[in-house]
Structure formats: C-alpha cells, structure tokens
Amino acid sequence: MAETSAEYIQHHLTNLTYGQCSDGAWQFAPCADGASMTFLSVNVDSMGWSIGLGIVFCLIFRIAARRATAGIPGALQNAVEMLVEFIDDTCRSIFTHSNAVIAPMALTIFVWVFLMNLMDLVPVDWIPELAYALGVPYMKIVPTTDPNVTMGMALAVFALILFYSIRQKGAGGFLGELAFHPFPKVLAPVNFILESVTLLAKPLSLGLRLFGNLYAGEMIFILIALMYAGWAIGIFGGILQWAWAVFHVLIITLQAFIFAVLTVVYLAQAYDVEEEH
Amino acid sequence: MDINMTLLGQTITFIVFVWFCYKFIWPFLIEAMRERQKTIAEGLAAGEEAERSRESAREEVADRLKDAQAEAQRIVDQARSQAAQMVEQARQDARDEGDRLKEAANAEIEQEFNRARETLRGEVAALAVQGAQRILEADIDRDRHGELLNRLAAEL
C-alpha cells in the first residue's frame, strides 16, 4: 500500500461500514458522492469483532460453568472462578441491594470489554493488511475504539438506570429526586436542569471514557507503526511499541474494570433513595 | 466514526450477552463455589471436632491409667499389710502356743512336785510315828494321838 502517512492513519481509523447512502443506495462505504452514510448503516467490523469476542467470552465461561464442580476445580475453572469471585466481591461491596442481574452484568462487561480492548495489543497492521489482501478495504479490529460500541453499551446501562430508578422509586419519586435536589423545592426548574445534566453525564462519560482511552492508545500504536520506515528508526519504533504495549496492558484492564464498576455504581445510585436536603 | 445503527446493534448485543451470562454462566459458577465453600467449611469443622474428641479421649485414657495405677498400688499395699498381719498373727500364735505349753509343763512339774512332797510328807509322818513309837514304845495310841500326828505330818 503506497500511501502517505495521513492516508495510512486515516485508513487505520476507518470502519468497514455497510449501509444506506444519502442517494438511497445500500452498499459498503464509501458512497458514490463521497459523503458519509446515513444513520441506517452498520460498522460491520466493530459489530463482527465485538459479537465474536462476546461469543468467545460466552463459550469459555459456558464451558467452565457446565464443567463447574464443587470438588477440585481444573485450571479453566480456577481462572474463571477467580474472576467471578473478584467481580462478586466488588459488586457486594458497592451494590448492597438484592438484584441477581448486577453481578453477572458486571462480569460480562469486564470480560467482554477486556477482550475487545485486548485486540489493541495485536500489532496494528496484521489484520488490516490481511483483510486488504483478501479484498476487504477497511478493518478496525478494536471495537472499543468505535464510539458506537462504547456508547451503545453506555446506552444500555442508561436504560437500566432509568428502569431501576423508576421501578424502585416510582415515576413520581424519580422525578422528585431530579427536581428537589440540591436546592429547595422552590428552585425546582433549576434543580431539574442540574440533575438532568448529572444524569445524562453518567452514560456519556461512561462511554466516552472508554472510547477516548482506547482511541488514544490505538492512535499511538498507529503513530509508532509509522516509524517502521528505516532500520534504525524501525528498531527504536519496535522498542517503543513494546513499551507502550506493556503500559497498555494496564490501561485495557483498568478501563474494562472502570466500565464495569461504574455501571454497578450508577445502578446502586438508581436504587439508593437520597436523603432529604 | 459517524454514529449509526452500530450504536443500537451494540446495545442489543450487550443485553443479549448479559442475559446469557445471567442465565447460563453466573448461577452455575457461583453455586459450585458456594458448595465448595460449604464443603471446606464442614471439613474444617469436622477436623476440629475430631481434634477435640481425640483430646478428650486422651484425657480419658490418662484418667483411667491413673485410676488403674492407684488401684494396683492399693492392691499391693493391701497384700503387703495382709502378709505382715499374717506373719504377725503366726508369730503371736506361736508365742501363745509356746506360753501355753510352758505353762502346762510348769503346772505338771508343780503337780509332780506337790505329789512328791505329799508322798514324802506321808512317809516322813509314818517314819516319825514309827520313830516316836519306837521311842515311846507303843505309848502312843493311834486313835488318841492320831490328831496330833496328822498335824505333825502336815507341818512337815
């Protein structure tokens, strides 16, 4: 691929998208007129990789769950149980109410997001080049560098926040919570605006935090990959890539954990009835 | 990087995976872990219980051993005192028997002695009477002086 650095970076940051162009034609991007696609389009690579990795999670954990024995656990069961125990403890310490969905959800988020982040450690050229050789023009393999993916999950969490808030407090109670804090009731409109912003900031920050961290990390990998042009600078680039990858191991784990824990925290807040001011 | 249907697709995917985990993964693992936890707790409790009962058994053994030792000591002491008593008894019996025999012998000697003395006395009296008769030449009437003679014989 003979291309400039800008084209190289642009190529690595473009999703493989299938959808409807503004002229009404259903096709893979780019559209004939060069404009971006309408909302009725799907990032095939993001969806494919995220669903694939989700299935990997489900398969591994399902196998472990089916073989789960109260006797002496095998290696797989040990590893899986360690994760389950860790998530269970974390959830218990944050979420004190009784809800059987919270802990499994936190486990799913943690492992799934971790796996999606893990794709960031695959050298940036391997799979896109392979796909290109197979005739697929674009291939972004890290789903969490796609804001659609992270915001999609944040949206689901937001829906759960609304659902549990209304279920626990009633629609009136929930609206009251939005309107009667933090100022006295006479300032209800002000309160409502403030609290609505707070509420909306939750999913927004949740999704954008993960996206931002991973996007920046991916960007740095791409920039380092640009250094593979000459021998000397290439070796230096290799060292940089290794160092950044080591550091990134921490970031991807941490971001997966933060996403899971914040979800639990937000849902705990949805359950908690705030004290009167 | 445009926002598109992927957003909703991911939301649905997320819900499906969470549901799968909630339904088919989490309960099995948690149950196995709880069960193992219970088994281990029971095992530890049983071990502790066994340790306790072993301790009490050891105490009982020690108690019984002490009892048996005391009993044995008592029996030995008893036997020893009984033996001493028997020896003492035998010695006492022997001494008594000896005394009795000695007394009997003494009495017999006394008797013999008295008898001999009586005999001697009688003979002396007869001899005295005979002597006196010879001296007095039959002046002495046995019937008249018998009393006197007898008194004389008793004095000898």
# chains A, B, ... in the order shown; residues from 1 in each chain; ligands from 1
call {"tool": "interface_residues", "arguments": {"of": "chain A", "to": "chain B", "cutoff": "6 Å", "atoms": "only C-alpha atoms", "output": "list in words"}}
result
Phe39, Leu40, Ser41, Val42, Asn43, Arg62, Ala65, Thr69, Ala70, Pro104, Met105, Thr108, Asn148, Val149, Gly152, Met153 and Ala156 of chain A
call {"tool": "write_last_selection", "arguments": {"atoms": "all heavy atoms", "output": "CSV table (one decimal), in the first residue's frame"}}
result
chain,number,residue,atom,x,y,z
A,39,PHE,N,-27.8,7.4,8.9
A,39,PHE,CA,-27.8,6.6,10.2
A,39,PHE,C,-28.1,5.2,10.0
A,39,PHE,O,-27.6,4.3,10.8
A,39,PHE,CB,-28.9,7.2,11.1
A,39,PHE,CG,-28.9,6.6,12.5
A,39,PHE,CD1,-27.9,6.9,13.4
A,39,PHE,CD2,-29.9,5.7,12.8
A,39,PHE,CE1,-27.9,6.3,14.7
A,39,PHE,CE2,-29.9,5.2,14.1
A,39,PHE,CZ,-28.9,5.5,15.0
A,40,LEU,N,-28.7,4.8,8.9
A,40,LEU,CA,-29.1,3.4,8.6
A,40,LEU,C,-27.8,2.7,8.0
A,40,LEU,O,-27.9,2.3,6.9
A,40,LEU,CB,-30.2,3.4,7.6
A,40,LEU,CG,-31.6,3.8,8.2
A,40,LEU,CD1,-32.7,3.7,7.1
A,40,LEU,CD2,-32.0,2.8,9.4
A,41,SER,N,-26.8,2.6,8.8
A,41,SER,CA,-25.6,1.9,8.4
A,41,SER,C,-25.0,1.2,9.6
A,41,SER,O,-25.2,1.6,10.7
A,41,SER,CB,-24.6,2.8,7.7
A,41,SER,OG,-24.3,3.9,8.6
A,42,VAL,N,-24.2,0.2,9.3
A,42,VAL,CA,-23.6,-0.6,10.4
A,42,VAL,C,-22.1,-0.7,10.2
A,42,VAL,O,-21.7,-0.9,9.0
A,42,VAL,CB,-24.2,-2.0,10.5
A,42,VAL,CG1,-23.5,-2.8,11.5
A,42,VAL,CG2,-25.7,-1.9,10.8
A,43,ASN,N,-21.3,-0.5,11.2
A,43,ASN,CA,-19.9,-0.7,11.2
A,43,ASN,C,-19.7,-2.2,11.3
A,43,ASN,O,-19.7,-2.8,12.4
A,43,ASN,CB,-19.1,0.0,12.3
A,43,ASN,CG,-19.2,1.5,12.1
A,43,ASN,OD1,-19.5,2.0,11.0
A,43,ASN,ND2,-19.0,2.2,13.1
A,62,ARG,N,-19.1,-20.5,29.5
A,62,ARG,CA,-20.2,-21.5,29.5
A,62,ARG,C,-19.6,-22.9,29.7
A,62,ARG,O,-20.1,-23.7,30.5
A,62,ARG,CB,-20.9,-21.5,28.2
A,62,ARG,CG,-22.0,-22.5,28.0
A,62,ARG,CD,-23.1,-22.3,29.1
A,62,ARG,NE,-24.1,-23.4,29.0
A,62,ARG,CZ,-24.8,-23.8,30.0
A,62,ARG,NH1,-24.7,-23.1,31.2
A,62,ARG,NH2,-25.7,-24.8,29.9
A,65,ALA,N,-18.7,-23.1,33.2
A,65,ALA,CA,-19.9,-23.2,34.0
A,65,ALA,C,-20.5,-24.7,34.0
A,65,ALA,O,-21.0,-25.2,35.0
A,65,ALA,CB,-21.0,-22.2,33.6
A,69,THR,N,-17.6,-27.8,39.1
A,69,THR,CA,-17.8,-28.8,40.2
A,69,THR,C,-17.4,-28.2,41.5
A,69,THR,O,-16.6,-27.4,41.6
A,69,THR,CB,-17.0,-30.1,39.9
A,69,THR,OG1,-16.8,-30.8,41.1
A,69,THR,CG2,-15.6,-29.7,39.4
A,70,ALA,N,-18.1,-28.7,42.5
A,70,ALA,CA,-17.8,-28.3,43.9
A,70,ALA,C,-16.6,-28.9,44.4
A,70,ALA,O,-16.0,-28.6,45.4
A,70,ALA,CB,-19.0,-28.5,44.8
A,104,PRO,N,-23.7,-10.7,37.4
A,104,PRO,CA,-23.4,-11.2,36.0
A,104,PRO,C,-23.2,-10.2,35.0
A,104,PRO,O,-22.3,-10.3,34.1
A,104,PRO,CB,-24.7,-12.0,35.7
A,104,PRO,CG,-25.4,-12.2,36.9
A,104,PRO,CD,-25.0,-11.2,37.9
A,105,MET,N,-23.9,-9.0,35.1
A,105,MET,CA,-23.7,-8.0,34.1
A,105,MET,C,-22.3,-7.4,34.3
A,105,MET,O,-21.6,-7.2,33.3
A,105,MET,CB,-24.7,-6.9,34.3
A,105,MET,CG,-24.5,-5.7,33.4
A,105,MET,SD,-26.0,-4.7,33.2
A,105,MET,CE,-26.0,-4.0,34.8
A,108,THR,N,-19.9,-9.8,32.7
A,108,THR,CA,-19.9,-9.7,31.3
A,108,THR,C,-19.2,-8.5,30.7
A,108,THR,O,-18.4,-8.6,29.8
A,108,THR,CB,-21.4,-9.6,30.8
A,108,THR,OG1,-22.1,-10.7,31.4
A,108,THR,CG2,-21.5,-9.8,29.3
A,148,ASN,N,-19.5,4.1,18.6
A,148,ASN,CA,-20.8,3.5,18.5
A,148,ASN,C,-20.9,2.3,19.5
A,148,ASN,O,-21.9,2.1,20.2
A,148,ASN,CB,-21.0,2.9,17.1
A,148,ASN,CG,-21.3,4.0,16.1
A,148,ASN,OD1,-22.3,4.6,16.3
A,148,ASN,ND2,-20.4,4.2,15.2
A,149,VAL,N,-19.8,1.6,19.6
A,149,VAL,CA,-19.7,0.4,20.5
A,149,VAL,C,-19.8,0.8,22.0
A,149,VAL,O,-20.6,0.4,22.7
A,149,VAL,CB,-18.5,-0.4,20.2
A,149,VAL,CG1,-18.3,-1.5,21.3
A,149,VAL,CG2,-18.5,-1.0,18.8
A,152,GLY,N,-23.0,2.5,22.7
A,152,GLY,CA,-24.1,1.6,22.7
A,152,GLY,C,-24.2,0.9,24.0
A,152,GLY,O,-25.3,0.7,24.5
A,153,MET,N,-23.1,0.5,24.6
A,153,MET,CA,-23.1,-0.2,25.9
A,153,MET,C,-23.6,0.8,27.0
A,153,MET,O,-24.4,0.5,27.8
A,153,MET,CB,-21.8,-0.8,26.2
A,153,MET,CG,-21.4,-1.9,25.3
A,153,MET,SD,-20.0,-2.8,25.9
A,153,MET,CE,-18.7,-1.7,25.7
A,156,ALA,N,-27.2,1.1,27.0
A,156,ALA,CA,-27.9,0.0,27.7
A,156,ALA,C,-27.9,0.3,29.2
A,156,ALA,O,-28.9,0.1,29.9
A,156,ALA,CB,-27.2,-1.3,27.3
call {"tool": "select_by_dssp", "arguments": {"residues": "region 19-223 of chain A", "states": "strand (DSSP E or B)", "output": "ChimeraX atom specification"}}
result
/A:19-20,26-28,41-43
call {"tool": "closest_atom_pairs", "arguments": {"of": "region 117-148 of chain A", "to": "region 234-254 of chain A", "cutoff": "8 Å", "atoms": "only C-alpha atoms", "output": "tab-separated table"}}
result
residue	atom	partner	partner_atom	distance
A:Asn117	CA	A:Ile252	CA	5.4
A:Leu118	CA	A:Ile252	CA	6.7
A:Leu121	CA	A:Ala245	CA	6.2
call {"tool": "select_by_dssp", "arguments": {"residues": "region 136-277 of chain A", "states": "alpha helix (DSSP H)", "output": "PyMOL selection string"}}
result
chain A and resi 147-179+188-225+231-271
call {"tool": "residues_around", "arguments": {"residues": "Ala125 (chain B)", "least_positions_apart": "5", "cutoff": "9 Å", "atoms": "only C-alpha atoms", "output": "ChimeraX atom specification"}}
result
/B:120,130,149-150,152-154,156
call {"tool": "write_last_selection", "arguments": {"atoms": "all heavy atoms", "output": "short mmCIF file (atom, residue, chain, number, x, y, z; two decimals), in the first residue's frame"}}
result
data_model
loop_
_atom_site.label_atom_id
_atom_site.label_comp_id
_atom_site.auth_asym_id
_atom_site.auth_seq_id
_atom_site.Cartn_x
_atom_site.Cartn_y
_atom_site.Cartn_z
N LEU B 120 6.18 -87.70 150.21
CA LEU B 120 7.30 -87.58 151.13
C LEU B 120 6.80 -87.29 152.54
O LEU B 120 7.27 -87.88 153.54
CB LEU B 120 8.22 -86.42 150.64
CG LEU B 120 9.61 -86.40 151.22
CD1 LEU B 120 10.34 -87.69 150.85
CD2 LEU B 120 10.38 -85.20 150.67
N GLN B 130 6.62 -93.90 163.47
CA GLN B 130 7.36 -95.13 163.77
C GLN B 130 8.49 -94.86 164.75
O GLN B 130 8.66 -95.58 165.72
CB GLN B 130 7.97 -95.68 162.45
CG GLN B 130 7.58 -97.10 162.24
CD GLN B 130 8.00 -97.57 160.83
OE1 GLN B 130 8.59 -96.86 160.08
NE2 GLN B 130 7.69 -98.81 160.58
N LEU B 149 -0.72 -86.43 165.43
CA LEU B 149 0.21 -86.96 164.43
C LEU B 149 -0.06 -86.36 163.06
O LEU B 149 0.86 -85.98 162.32
CB LEU B 149 0.11 -88.50 164.36
CG LEU B 149 0.77 -89.21 165.54
CD1 LEU B 149 0.46 -90.72 165.51
CD2 LEU B 149 2.27 -89.01 165.53
N ASN B 150 -1.31 -86.33 162.76
CA ASN B 150 -1.66 -85.73 161.46
C ASN B 150 -1.19 -84.29 161.35
O ASN B 150 -0.68 -83.84 160.34
CB ASN B 150 -3.17 -85.77 161.24
CG ASN B 150 -3.59 -87.13 160.67
OD1 ASN B 150 -2.76 -87.89 160.19
ND2 ASN B 150 -4.85 -87.46 160.84
N LEU B 152 1.18 -82.98 162.87
CA LEU B 152 2.63 -83.02 162.76
C LEU B 152 3.06 -83.31 161.32
O LEU B 152 3.95 -82.64 160.76
CB LEU B 152 3.17 -84.12 163.69
CG LEU B 152 4.67 -84.11 163.97
CD1 LEU B 152 5.11 -82.88 164.76
CD2 LEU B 152 5.06 -85.37 164.76
N ALA B 153 2.39 -84.31 160.81
CA ALA B 153 2.71 -84.64 159.38
C ALA B 153 2.48 -83.47 158.46
O ALA B 153 3.25 -83.23 157.54
CB ALA B 153 1.84 -85.83 158.94
N ALA B 154 1.36 -82.70 158.69
CA ALA B 154 1.08 -81.53 157.83
C ALA B 154 2.14 -80.47 157.96
O ALA B 154 2.45 -79.77 157.03
CB ALA B 154 -0.31 -80.95 158.19
N LEU B 156 5.25 -80.98 158.34
CA LEU B 156 6.50 -81.38 157.69
C LEU B 156 6.53 -80.96 156.24
O LEU B 156 5.58 -81.10 155.52
CB LEU B 156 6.67 -82.91 157.81
CG LEU B 156 7.04 -83.38 159.21
CD1 LEU B 156 6.89 -84.92 159.29
CD2 LEU B 156 8.47 -83.03 159.54
#
call {"tool": "atom_distance", "arguments": {"atom1": "CA of Arg58 (chain B)", "atom2": "CA of Ala41 (chain B)"}}
result
25.6 Å
call {"tool": "atom_distance", "arguments": {"atom1": "CA of Ala83 (chain B)", "atom2": "CA of Leu101 (chain B)"}}
result
26.6 Å
call {"tool": "atom_distance", "arguments": {"atom1": "CA of Leu130 (chain A)", "atom2": "CA of His11 (chain A)"}}
result
13.8 Å
